[in-house]
$ cat run.tsv   # TSV, C-alpha atoms
chain	number	residue	atom	x	y	z
A	1309	MET	CA	6.44	-10.26	-25.72
A	1310	VAL	CA	7.39	-7.63	-23.12
A	1311	ASP	CA	4.95	-4.77	-22.57
A	1312	PRO	CA	6.88	-1.72	-23.84
A	1313	ARG	CA	5.59	0.26	-20.86
A	1314	LEU	CA	7.59	-2.05	-18.55
A	1315	THR	CA	10.73	-1.34	-20.55
A	1316	ARG	CA	10.11	2.41	-20.34
A	1317	LEU	CA	9.40	2.16	-16.59
A	1318	ALA	CA	12.69	0.30	-16.04
A	1319	ASP	CA	14.52	2.97	-18.03
A	1320	VAL	CA	12.92	5.77	-15.99
A	1321	LEU	CA	13.83	4.09	-12.68
A	1322	VAL	CA	17.46	3.47	-13.64
A	1323	ASN	CA	18.34	6.52	-15.72
A	1324	TYR	CA	16.00	9.26	-14.43
A	1325	SER	CA	15.20	8.38	-10.81
A	1326	LEU	CA	18.59	6.97	-9.79
A	1327	LYS	CA	20.83	8.25	-12.59
A	1328	LEU	CA	22.93	5.13	-12.14
A	1329	GLN	CA	26.62	5.45	-12.93
A	1330	PRO	CA	29.09	2.79	-14.09
A	1331	GLY	CA	30.50	0.78	-11.21
A	1332	GLU	CA	27.72	1.51	-8.70
A	1333	TRP	CA	26.56	-1.40	-6.54
A	1334	THR	CA	22.79	-1.68	-6.96
A	1335	MET	CA	20.35	-4.01	-5.22
A	1336	VAL	CA	17.06	-4.82	-6.92
A	1337	THR	CA	14.52	-6.16	-4.42
A	1338	ALA	CA	11.31	-7.54	-5.86
A	1339	GLU	CA	8.30	-9.56	-4.85
A	1340	VAL	CA	8.05	-12.76	-6.89
A	1341	ALA	CA	5.00	-11.38	-8.70
A	1342	ALA	CA	7.12	-8.48	-10.03
A	1343	VAL	CA	9.65	-10.67	-11.86
A	1344	PRO	CA	8.62	-9.41	-15.35
A	1345	LEU	CA	9.54	-5.86	-14.30
A	1346	ALA	CA	12.62	-7.07	-12.39
A	1347	ARG	CA	13.99	-8.58	-15.61
A	1348	GLU	CA	13.69	-5.27	-17.44
A	1349	VAL	CA	15.23	-3.37	-14.52
A	1350	TYR	CA	18.11	-5.84	-14.38
A	1351	ARG	CA	18.72	-5.31	-18.10
A	1352	ALA	CA	18.64	-1.51	-17.68
A	1353	VAL	CA	21.05	-1.61	-14.71
A	1354	LEU	CA	23.54	-3.65	-16.74
A	1355	ARG	CA	23.26	-1.29	-19.68
A	1356	ALA	CA	24.00	1.61	-17.34
A	1357	GLY	CA	27.26	-0.09	-16.36
A	1358	ALA	CA	26.29	-0.65	-12.73
A	1359	HIS	CA	26.69	-3.88	-10.76
A	1360	PRO	CA	23.26	-5.39	-9.97
A	1361	MET	CA	22.27	-7.95	-7.39
A	1362	VAL	CA	18.71	-9.23	-7.17
A	1363	MET	CA	16.82	-10.26	-4.04
A	1364	LEU	CA	13.40	-11.86	-4.48
A	1365	ASN	CA	10.84	-11.78	-1.68
A	1366	ASP	CA	7.76	-13.93	-1.19
A	1367	GLU	CA	4.82	-12.70	0.88
A	1368	ASP	CA	3.88	-16.23	1.91
A	1369	MET	CA	7.28	-16.59	3.59
A	1370	ALA	CA	6.60	-13.38	5.51
A	1371	SER	CA	3.37	-14.96	6.79
A	1372	ILE	CA	5.26	-18.11	7.78
A	1373	LEU	CA	7.73	-16.00	9.75
A	1374	TYR	CA	4.97	-14.58	11.94
A	1375	GLU	CA	3.34	-18.00	12.32
A	1376	GLU	CA	6.46	-19.91	13.33
A	1377	ALA	CA	9.15	-17.54	14.61
A	1378	SER	CA	10.10	-17.23	18.26
A	1379	ASP	CA	10.59	-13.78	19.78
A	1380	ALA	CA	14.35	-14.18	19.30
A	1381	GLN	CA	13.85	-15.02	15.62
A	1382	LEU	CA	11.52	-12.05	15.10
A	1383	GLU	CA	14.11	-9.74	16.64
A	1384	TRP	CA	17.10	-11.13	14.71
A	1385	VAL	CA	18.60	-8.86	12.06
A	1386	SER	CA	20.77	-10.55	9.46
A	1387	PRO	CA	24.38	-9.31	9.38
A	1388	ALA	CA	24.06	-9.44	5.60
A	1389	GLU	CA	21.28	-6.84	5.71
A	1390	THR	CA	23.37	-4.62	7.97
A	1391	LEU	CA	26.24	-4.84	5.49
A	1392	LEU	CA	23.97	-4.00	2.55
A	1393	PHE	CA	22.34	-1.01	4.23
A	1394	ASN	CA	25.77	0.37	5.09
A	1395	GLN	CA	27.53	-0.21	1.76
A	1396	LEU	CA	25.06	-0.25	-1.15
A	1397	ASP	CA	25.19	2.66	-3.57
A	1398	SER	CA	21.55	2.33	-4.61
A	1399	MET	CA	18.38	0.31	-4.08
A	1400	ILE	CA	15.44	-0.36	-6.40
A	1401	ASN	CA	12.34	-1.75	-4.69
A	1402	LEU	CA	9.69	-3.37	-6.90
A	1403	ARG	CA	6.50	-3.94	-4.91
A	1404	ALA	CA	3.83	-6.44	-5.87
A	1405	THR	CA	1.29	-8.55	-4.03
A	1406	ASN	CA	-0.99	-11.48	-4.62
A	1407	ASN	CA	-2.90	-10.83	-1.39
A	1408	THR	CA	-3.34	-7.33	0.02
A	1409	ARG	CA	-4.66	-8.74	3.31
A	1410	ALA	CA	-1.97	-11.36	3.94
A	1411	MET	CA	-1.01	-9.76	7.29
A	1412	ASN	CA	-4.52	-9.11	8.59
A	1413	ASN	CA	-4.52	-11.85	11.21
A	1414	VAL	CA	-0.97	-11.42	12.46
A	1415	ALA	CA	-0.87	-10.39	16.12
A	1416	PRO	CA	-0.06	-6.65	16.32
A	1417	ALA	CA	2.49	-7.34	19.08
A	1418	LYS	CA	4.47	-9.61	16.77
A	1419	GLN	CA	4.56	-7.01	14.02
A	1420	ALA	CA	5.61	-4.37	16.53
A	1421	ARG	CA	8.42	-6.58	17.84
A	1422	ARG	CA	9.72	-7.19	14.33
A	1423	GLN	CA	9.57	-3.51	13.39
A	1424	ALA	CA	11.28	-2.40	16.60
A	1425	SER	CA	14.20	-4.72	15.90
A	1426	ARG	CA	14.76	-3.06	12.52
A	1427	ARG	CA	14.79	0.50	13.81
A	1428	GLU	CA	18.58	0.78	13.52
A	1429	LEU	CA	18.44	-0.38	9.89
A	1430	MET	CA	15.83	2.28	9.12
A	1431	GLN	CA	17.95	4.96	10.76
A	1432	THR	CA	21.00	3.90	8.73
A	1433	TYR	CA	18.93	3.88	5.55
A	1434	MET	CA	17.47	7.33	6.10
A	1435	ALA	CA	20.72	8.91	7.29
A	1436	ARG	CA	22.71	7.62	4.29
A	1437	ALA	CA	19.97	8.72	1.93
A	1438	ALA	CA	19.97	12.22	3.47
A	1439	ARG	CA	23.75	12.42	2.91
A	1440	ASN	CA	23.28	11.29	-0.71
A	1441	GLU	CA	25.34	8.19	-0.01
A	1442	LEU	CA	22.44	5.86	-0.82
A	1443	LYS	CA	20.12	6.42	-3.77
A	1444	TRP	CA	16.76	4.64	-3.72
A	1445	VAL	CA	13.54	4.35	-5.65
A	1446	LEU	CA	10.43	2.21	-5.36
A	1447	THR	CA	7.51	1.44	-7.62
A	1448	GLN	CA	4.50	-0.85	-7.90
A	1449	TYR	CA	4.03	-3.71	-10.34
A	1450	PRO	CA	0.34	-4.21	-11.19
A	1451	THR	CA	-1.22	-7.48	-10.00
A	1452	GLN	CA	-4.74	-8.89	-9.81
A	1453	ALA	CA	-4.80	-8.38	-6.05
A	1454	SER	CA	-3.90	-4.70	-6.32
A	1455	ALA	CA	-6.43	-4.27	-9.11
A	1456	GLN	CA	-9.16	-5.79	-6.93
A	1457	GLU	CA	-8.17	-3.53	-4.03
A	1458	ALA	CA	-8.54	-0.53	-6.36
A	1459	GLU	CA	-11.87	-1.91	-7.68
A	1460	MET	CA	-10.52	-2.18	-11.22
A	1461	SER	CA	-9.90	-4.91	-13.75
A	1462	LEU	CA	-6.25	-5.87	-14.20
A	1463	ARG	CA	-6.13	-4.09	-17.56
A	1464	GLU	CA	-7.65	-0.95	-16.06
A	1465	TYR	CA	-5.17	-1.07	-13.18
A	1466	GLU	CA	-2.24	-1.55	-15.54
A	1467	ASP	CA	-3.37	1.53	-17.46
A	1468	PHE	CA	-3.72	3.41	-14.16
A	1469	VAL	CA	-0.20	2.48	-12.97
A	1470	PHE	CA	1.50	3.18	-16.28
A	1471	GLY	CA	-0.46	6.41	-16.69
A	1472	ALA	CA	0.46	7.63	-13.19
A	1473	THR	CA	4.15	6.97	-13.93
A	1474	PHE	CA	3.88	8.63	-17.39
A	1475	VAL	CA	5.39	5.58	-19.09
A	1476	ASP	CA	2.36	5.35	-21.37
A	1477	GLN	CA	3.84	8.42	-23.09
A	1478	ASP	CA	6.75	8.66	-25.51
A	1479	ASP	CA	8.82	10.92	-23.23
A	1480	PRO	CA	7.97	10.26	-19.56
A	1481	VAL	CA	11.08	12.05	-18.35
A	1482	ALA	CA	9.86	15.32	-19.86
A	1483	GLN	CA	6.64	14.99	-17.86
A	1484	TRP	CA	8.50	14.42	-14.59
A	1485	GLU	CA	10.79	17.37	-15.27
A	1486	ALA	CA	7.77	19.61	-15.90
A	1487	LEU	CA	6.20	18.49	-12.59
A	1488	ALA	CA	9.47	19.18	-10.80
A	1489	ALA	CA	9.54	22.73	-12.17
A	1490	ARG	CA	5.98	23.45	-11.03
A	1491	GLN	CA	6.62	22.12	-7.54
A	1492	GLN	CA	9.89	24.00	-7.18
A	1493	LYS	CA	7.96	27.28	-7.30
A	1494	MET	CA	6.08	26.19	-4.16
A	1495	VAL	CA	9.23	24.99	-2.42
A	1496	ASP	CA	10.96	28.29	-3.17
A	1497	TRP	CA	8.01	30.27	-1.77
A	1498	LEU	CA	8.02	28.20	1.42
A	1499	ARG	CA	11.72	28.69	2.10
A	1500	GLY	CA	12.25	30.56	5.37
A	1501	LYS	CA	8.62	30.33	6.49
A	1502	LYS	CA	7.82	29.51	10.12
A	1503	GLN	CA	4.23	28.67	11.04
A	1504	VAL	CA	1.59	26.55	9.30
A	1505	THR	CA	-2.10	26.13	10.13
A	1506	VAL	CA	-4.26	23.49	8.45
A	1507	ARG	CA	-8.05	23.72	8.73
A	1508	SER	CA	-10.90	21.78	7.16
A	1509	ALA	CA	-13.96	19.84	8.27
A	1510	ASN	CA	-11.56	17.05	9.26
A	1511	CYS	CA	-8.57	18.96	10.57
A	1512	ASP	CA	-7.58	21.82	12.86
A	1513	LEU	CA	-3.81	21.74	13.31
A	1514	SER	CA	-0.99	24.18	13.86
A	1515	LEU	CA	2.70	23.35	13.52
A	1516	SER	CA	6.09	24.96	13.08
A	1517	VAL	CA	8.35	24.52	10.05
A	1518	GLN	CA	10.97	27.01	11.25
A	1519	ASP	CA	14.42	26.07	9.92
A	1520	ARG	CA	12.95	23.03	8.17
A	1521	ALA	CA	13.40	22.31	4.45
A	1522	PHE	CA	10.63	21.41	2.01
A	1523	ILE	CA	11.47	18.65	-0.47
A	1524	ASN	CA	10.37	18.60	-4.12
A	1525	CYS	CA	9.33	15.01	-4.93
A	1526	SER	CA	9.20	14.44	-8.66
A	1527	GLY	CA	10.11	10.82	-9.30
A	1528	ASP	CA	13.58	10.51	-7.83
A	1529	HIS	CA	12.45	8.22	-4.98
A	1530	ASN	CA	8.81	7.26	-5.54
A	1531	MET	CA	7.46	6.26	-8.91
A	1532	PRO	CA	4.84	7.61	-9.34
A	1533	ASP	CA	5.45	10.81	-7.42
A	1534	GLY	CA	3.97	14.24	-6.94
A	1535	GLU	CA	4.26	15.86	-3.51
A	1536	ILE	CA	6.13	18.44	-1.47
A	1537	PHE	CA	6.92	17.57	2.13
A	1538	THR	CA	8.80	18.59	5.23
A	1539	GLY	CA	9.40	17.38	8.77
A	1540	PRO	CA	7.59	19.61	11.29
A	1541	VAL	CA	9.34	20.76	14.44
A	1542	GLU	CA	8.77	17.77	16.68
A	1543	ASP	CA	7.13	19.44	19.69
A	1544	SER	CA	5.17	22.06	17.72
A	1545	VAL	CA	2.11	20.13	16.50
A	1546	ASN	CA	-1.16	20.97	18.26
A	1547	GLY	CA	-4.77	20.17	17.40
A	1548	TRP	CA	-6.60	17.26	15.84
A	1549	VAL	CA	-7.02	15.50	12.51
A	1550	ARG	CA	-9.40	12.87	11.17
A	1551	PHE	CA	-8.00	10.89	8.24
A	1552	THR	CA	-10.66	10.51	5.59
A	1553	VAL	CA	-9.36	7.37	3.85
A	1554	PRO	CA	-8.25	4.07	5.40
A	1555	ALA	CA	-4.71	4.16	6.79
A	1556	ILE	CA	-3.00	1.00	5.51
A	1557	TYR	CA	0.23	-0.21	7.10
A	1558	SER	CA	1.96	-3.61	7.08
A	1559	GLY	CA	-0.96	-5.04	5.14
A	1560	ARG	CA	-3.56	-3.93	7.67
A	1561	SER	CA	-6.29	-1.35	7.06
A	1562	VAL	CA	-7.18	1.01	9.91
A	1563	GLU	CA	-10.30	3.10	9.31
A	1564	ASP	CA	-11.56	6.46	10.60
A	1565	VAL	CA	-8.30	7.27	12.38
A	1566	GLU	CA	-8.55	10.38	14.55
A	1567	LEU	CA	-5.54	11.79	16.38
A	1568	THR	CA	-5.20	14.62	18.90
A	1569	PHE	CA	-1.79	16.28	19.38
A	1570	GLU	CA	-0.43	18.28	22.28
A	1571	ALA	CA	3.10	19.71	22.12
A	1572	GLY	CA	3.79	17.43	19.18
A	1573	LYS	CA	2.69	14.17	20.78
A	1574	VAL	CA	-0.39	12.07	20.01
A	1575	VAL	CA	-2.29	12.14	23.29
A	1576	GLN	CA	-5.54	10.60	22.01
A	1577	ALA	CA	-6.06	8.10	19.20
A	1578	ARG	CA	-9.10	6.21	18.00
A	1579	ALA	CA	-10.23	4.22	14.98
A	1580	SER	CA	-13.43	2.45	13.99
A	1581	LYS	CA	-11.53	-0.58	12.67
A	1582	ASN	CA	-8.26	-2.14	13.87
A	1583	GLU	CA	-7.81	0.35	16.70
A	1584	GLU	CA	-5.73	-2.21	18.62
A	1585	PHE	CA	-3.20	-2.25	15.79
A	1586	LEU	CA	-3.12	1.55	15.67
A	1587	LEU	CA	-2.38	1.75	19.39
A	1588	SER	CA	0.28	-0.98	19.18
A	1589	GLN	CA	2.15	1.05	16.56
A	1590	LEU	CA	1.84	4.28	18.55
A	1591	ASP	CA	3.41	2.52	21.53
A	1592	LEU	CA	6.22	0.99	19.46
A	1593	ASP	CA	8.86	3.46	20.63
A	1594	SER	CA	9.31	7.03	21.86
A	1595	GLY	CA	9.14	8.55	18.37
A	1596	ALA	CA	6.03	6.79	17.10
A	1597	ARG	CA	3.59	9.34	18.58
A	1598	TYR	CA	5.28	12.30	16.83
A	1599	LEU	CA	5.03	13.41	13.21
A	1600	GLY	CA	8.03	12.80	11.01
A	1601	GLU	CA	6.43	14.25	7.88
A	1602	CYS	CA	3.74	16.62	6.63
A	1603	ALA	CA	3.08	16.73	2.89
A	1604	ILE	CA	0.81	17.98	0.12
A	1605	GLY	CA	-0.13	15.66	-2.76
A	1606	THR	CA	0.21	17.33	-6.17
A	1607	ASN	CA	-0.44	14.61	-8.77
A	1608	PHE	CA	-3.83	15.48	-10.25
A	1609	GLY	CA	-3.47	12.52	-12.60
A	1610	ILE	CA	-4.22	10.36	-9.53
A	1611	GLN	CA	-7.74	11.02	-8.28
A	1612	LYS	CA	-8.99	7.63	-7.08
A	1613	PHE	CA	-8.21	5.94	-3.76
A	1614	THR	CA	-6.66	2.56	-4.55
A	1615	GLY	CA	-5.62	1.23	-1.14
A	1616	ASN	CA	-1.94	1.66	-2.06
A	1617	ILE	CA	-0.12	4.46	-0.23
A	1618	LEU	CA	2.42	4.86	-3.03
A	1619	PHE	CA	-0.37	6.26	-5.22
A	1620	ASP	CA	-2.87	7.50	-2.65
A	1621	GLU	CA	-0.55	9.92	-0.83
A	1622	LYS	CA	0.10	11.68	-4.16
A	1623	ILE	CA	-3.59	12.39	-4.91
A	1624	GLY	CA	-3.93	16.01	-5.97
A	1625	GLY	CA	-6.09	17.83	-3.43
A	1626	THR	CA	-4.99	15.83	-0.37
A	1627	ILE	CA	-2.46	16.19	2.41
A	1628	HIS	CA	-0.78	13.42	4.34
A	1629	MET	CA	1.10	13.12	7.59
A	1630	ALA	CA	3.44	10.38	8.72
A	1631	LEU	CA	3.76	9.15	12.27
A	1632	GLY	CA	7.27	8.11	13.25
A	1633	ALA	CA	10.60	8.48	11.52
A	1634	GLY	CA	11.33	11.77	9.78
A	1635	TYR	CA	13.63	12.37	6.83
A	1636	PRO	CA	16.88	14.01	8.03
A	1637	GLU	CA	17.18	16.06	4.83
A	1638	THR	CA	14.16	18.10	6.00
A	1639	GLY	CA	15.81	18.82	9.34
A	1640	SER	CA	13.63	16.29	11.17
A	1641	ILE	CA	15.26	14.60	14.14
A	1642	ASN	CA	12.37	12.26	14.95
A	1643	GLN	CA	13.41	8.61	15.06
A	1644	SER	CA	11.16	5.56	15.15
A	1645	GLY	CA	10.75	2.04	13.84
A	1646	ILE	CA	7.67	3.15	11.87
A	1647	HIS	CA	6.89	5.67	9.15
A	1648	TRP	CA	3.12	5.51	8.67
A	1649	ASP	CA	1.51	7.87	6.15
A	1650	MET	CA	-2.14	8.86	6.65
A	1651	ILE	CA	-4.23	10.88	4.18
A	1652	CYS	CA	-6.76	13.70	4.59
A	1653	ASP	CA	-8.80	15.14	1.70
A	1654	MET	CA	-8.66	18.95	1.51
A	1655	ARG	CA	-11.03	19.45	-1.42
A	1656	GLY	CA	-14.24	21.23	-0.53
A	1657	GLY	CA	-13.26	23.79	2.09
A	1658	GLY	CA	-9.75	22.96	3.29
A	1659	GLU	CA	-7.24	25.77	3.78
A	1660	ILE	CA	-3.54	26.02	4.62
A	1661	HIS	CA	-2.13	29.32	5.88
A	1662	VAL	CA	1.62	29.91	6.13
A	1663	ASP	CA	2.79	32.75	8.34
A	1664	GLY	CA	-0.73	34.13	8.08
A	1665	ASP	CA	-0.92	34.05	4.26
A	1666	LEU	CA	-3.35	31.80	2.41
A	1667	PHE	CA	-1.19	29.24	0.60
A	1668	TYR	CA	-3.63	26.47	-0.35
A	1669	LYS	CA	-7.42	26.29	-0.65
A	1670	ASP	CA	-9.91	23.62	-1.72
A	1671	GLY	CA	-7.15	21.20	-2.70
A	1672	ASP	CA	-4.88	23.47	-4.75
A	1673	PHE	CA	-2.24	26.16	-4.36
A	1674	VAL	CA	-3.36	29.79	-4.53
A	1675	ILE	CA	-0.04	31.64	-4.44

$ encode --input "run.tsv" --output "structure tokens"
Amino acid sequence: MVDPRLTRLADVLVNYSLKLQPGEWTMVTAEVAAVPLAREVYRAVLRAGAHPMVMLNDEDMASILYEEASDAQLEWVSPAETLLFNQLDSMINLRATNNTRAMNNVAPAKQARRQASRRELMQTYMARAARNELKWVLTQYPTQASAQEAEMSLREYEDFVFGATFVDQDDPVAQWEALAARQQKMVDWLRGKKQVTVRSANCDLSLSVQDRAFINCSGDHNMPDGEIFTGPVEDSVNGWVRFTVPAIYSGRSVEDVELTFEAGKVVQARASKNEEFLLSQLDLDSGARYLGECAIGTNFGIQKFTGNILFDEKIGGTIHMALGAGYPETGSINQSGIHWDMICDMRGGGEIHVDGDLFYKDGDFVI
């Protein structure tokens, strides 16, 4: 018997997040562990009249690639992927894992080589999305591994995931629409603003948002969602930040990351764990040391760090910043083979001023 929450989640992804239309070409990518959700999504796509294709991924094969591939094989990009990224109407990404540390022992240089080779694909993906030519959404299917990472039982984690996406309620769409309305008030207030300062025990940063747009994230791309974000002016970031939760990227956890910025660029970087990996990603390309995103998490239904950035970056009372590629719809022009979100808790003394006015204090908006 199918969990009715899976059916509701599939319906939300297809009909609320993507608003699929008859005749659209839709690719559903899923880890093998997410097949139960993939079946329900496939059913919902067909009922919407769209044309689905399904691509299943296996994390063990990803490990084999790094174990066995030559440099030429790591750098190869399939022509089929290039075709898909250029022609698909929409993409649904269903994440799942049976091992959250599967990539821990992969040489950072190999991961960097692979990511660098896919930079053009990322640029195509982000540019088409910014032009509304490519719709996309991603979500997380609960597994034992993710539950263990979050220090929960599988049942507790399932309740957490389905609660965060509102599909444990009769009308999840109404909840997402209400969140969108609340966030739009903040986005409207921020329109036309120029200068932002962020200060807390772990941060002292200034940056420009002049002529940049803030985006209201309420379930159209991430599920769950709950944030507003922009792309800062690339050469405007100055100061330092210490990220208070582990920064997880490509299956590797980097702890106690501290970055110092001058004229937008990371000029000093350190970490207490996996610093070599951090530095390898910063040296990936010319855009990796610049911020592509600054954001405020607004989902107060998510309060616990789970080791999954899809949930953690939305925690109400936190901010996050992404090194690397920016979203063109914000006005960002930063390009990179990475987009690495890192989180800083603002509860207990943090403040954000915008053009000299107090906008945010102790983890919540004050306007």

$ residues_around --input "run.tsv" --residues "Thr1614 (chain A)" --least-positions-apart "6" --cutoff "7 Å" --atoms "all atoms listed in the file" --output "list of chain:residue names"
A:Glu1457, A:Ala1458, A:Asp1620

$ residues_around --input "run.tsv" --residues "Asp1519 (chain A)" --least-positions-apart "5" --cutoff "8 Å" --atoms "only C-alpha atoms" --output "PyMOL selection string"
chain A and resi 1500-1502+1639

$ atom_distance --input "run.tsv" --atom1 "CA of Ser1371 (chain A)" --atom2 "CA of Val1414 (chain A)"
8.0 Å

$ atom_distance --input "run.tsv" --atom1 "CA of Leu1321 (chain A)" --atom2 "CA of Gln1448 (chain A)"
11.6 Å

$ closest_residue --input "run.tsv" --among "A:Leu1326, A:Val1475, A:Ala1555, A:Cys1602" --to "Ala1521 (chain A)" --atoms "all atoms listed in the file"
A:Cys1602

$ residues_around --input "run.tsv" --residues "Phe1673 (chain A)" --least-positions-apart "2" --cutoff "12 Å" --atoms "only C-alpha atoms" --output "PyMOL selection string"
chain A and resi 1490-1491+1493-1495+1497-1498+1536+1604-1606+1624-1626+1654-1655+1658-1662+1665-1671+1675

$ atom_distance --input "run.tsv" --atom1 "CA of Ser1588 (chain A)" --atom2 "CA of Val1506 (chain A)"
27.1 Å

$ residues_around --input "run.tsv" --residues "Gln1423 (chain A)" --least-positions-apart "3" --cutoff "9 Å" --atoms "all atoms listed in the file" --output "compact mmCIF listing (two decimals) with C-alpha atoms, keeping the file's coordinate frame"
# COMPACT_ATOMS: atom_id res chain seq x y z
CA LEU A 1382 11.52 -12.05 15.10
CA GLU A 1383 14.11 -9.74 16.64
CA LYS A 1418 4.47 -9.61 16.77
CA GLN A 1419 4.56 -7.01 14.02
CA ALA A 1420 5.61 -4.37 16.53
CA ARG A 1426 14.76 -3.06 12.52
CA ARG A 1427 14.79 0.50 13.81
CA LEU A 1592 6.22 0.99 19.46
CA GLY A 1645 10.75 2.04 13.84
CA ILE A 1646 7.67 3.15 11.87

$ residues_around --input "run.tsv" --residues "Phe1474 (chain A)" --least-positions-apart "5" --cutoff "12 Å" --atoms "all atoms listed in the file" --output "PyMOL selection string"
chain A and resi 1313-1314+1316-1317+1320-1321+1467-1469+1479-1487+1526-1527+1531-1534+1607+1609-1610

$ closest_residue --input "run.tsv" --among "A:Asp1379, A:Leu1618, A:Thr1408, A:Tyr1465" --to "Ser1425 (chain A)" --atoms "only C-alpha atoms"
A:Asp1379

$ closest_residue --input "run.tsv" --among "A:Val1565, A:Ala1417, A:Ala1488, A:Ala1424" --to "Tyr1374 (chain A)" --atoms "all atoms listed in the file"
A:Ala1417

$ closest_residue --input "run.tsv" --among "A:Ala1380, A:Ala1370, A:Met1460, A:Leu1442" --to "Lys1612 (chain A)" --atoms "all atoms listed in the file"
A:Met1460

$ closest_residue --input "run.tsv" --among "A:Gln1395, A:Ser1580, A:Ser1640, A:Asn1406" --to "Arg1436 (chain A)" --atoms "only C-alpha atoms"
A:Gln1395

$ closest_residue --input "run.tsv" --among "A:Leu1599, A:Leu1396, A:Val1562, A:Cys1525" --to "Gly1634 (chain A)" --atoms "only C-alpha atoms"
A:Leu1599

$ decode --input "run.tsv" --residues "region 1622-1640 of chain A" --atoms "C-alpha atoms" --output "CSV table (one decimal), in the first residue's frame"
chain,number,residue,atom,x,y,z
A,1622,LYS,CA,15.8,26.7,5.0
A,1623,ILE,CA,16.0,26.7,8.8
A,1624,GLY,CA,14.2,29.7,10.2
A,1625,GLY,CA,16.7,31.9,11.9
A,1626,THR,CA,19.7,31.2,9.7
A,1627,ILE,CA,21.4,32.7,6.7
A,1628,HIS,CA,23.3,30.9,4.0
A,1629,MET,CA,25.8,31.9,1.3
A,1630,ALA,CA,26.8,30.0,-1.7
A,1631,LEU,CA,30.3,30.0,-3.2
A,1632,GLY,CA,30.4,29.7,-7.0
A,1633,ALA,CA,27.7,29.9,-9.6
A,1634,GLY,CA,25.0,32.6,-9.2
A,1635,TYR,CA,21.4,32.5,-10.4
A,1636,PRO,CA,21.1,34.8,-13.5
A,1637,GLU,CA,17.5,35.8,-12.5
A,1638,THR,CA,19.0,37.7,-9.5
A,1639,GLY,CA,21.3,39.6,-11.8
A,1640,SER,CA,24.3,37.6,-10.7
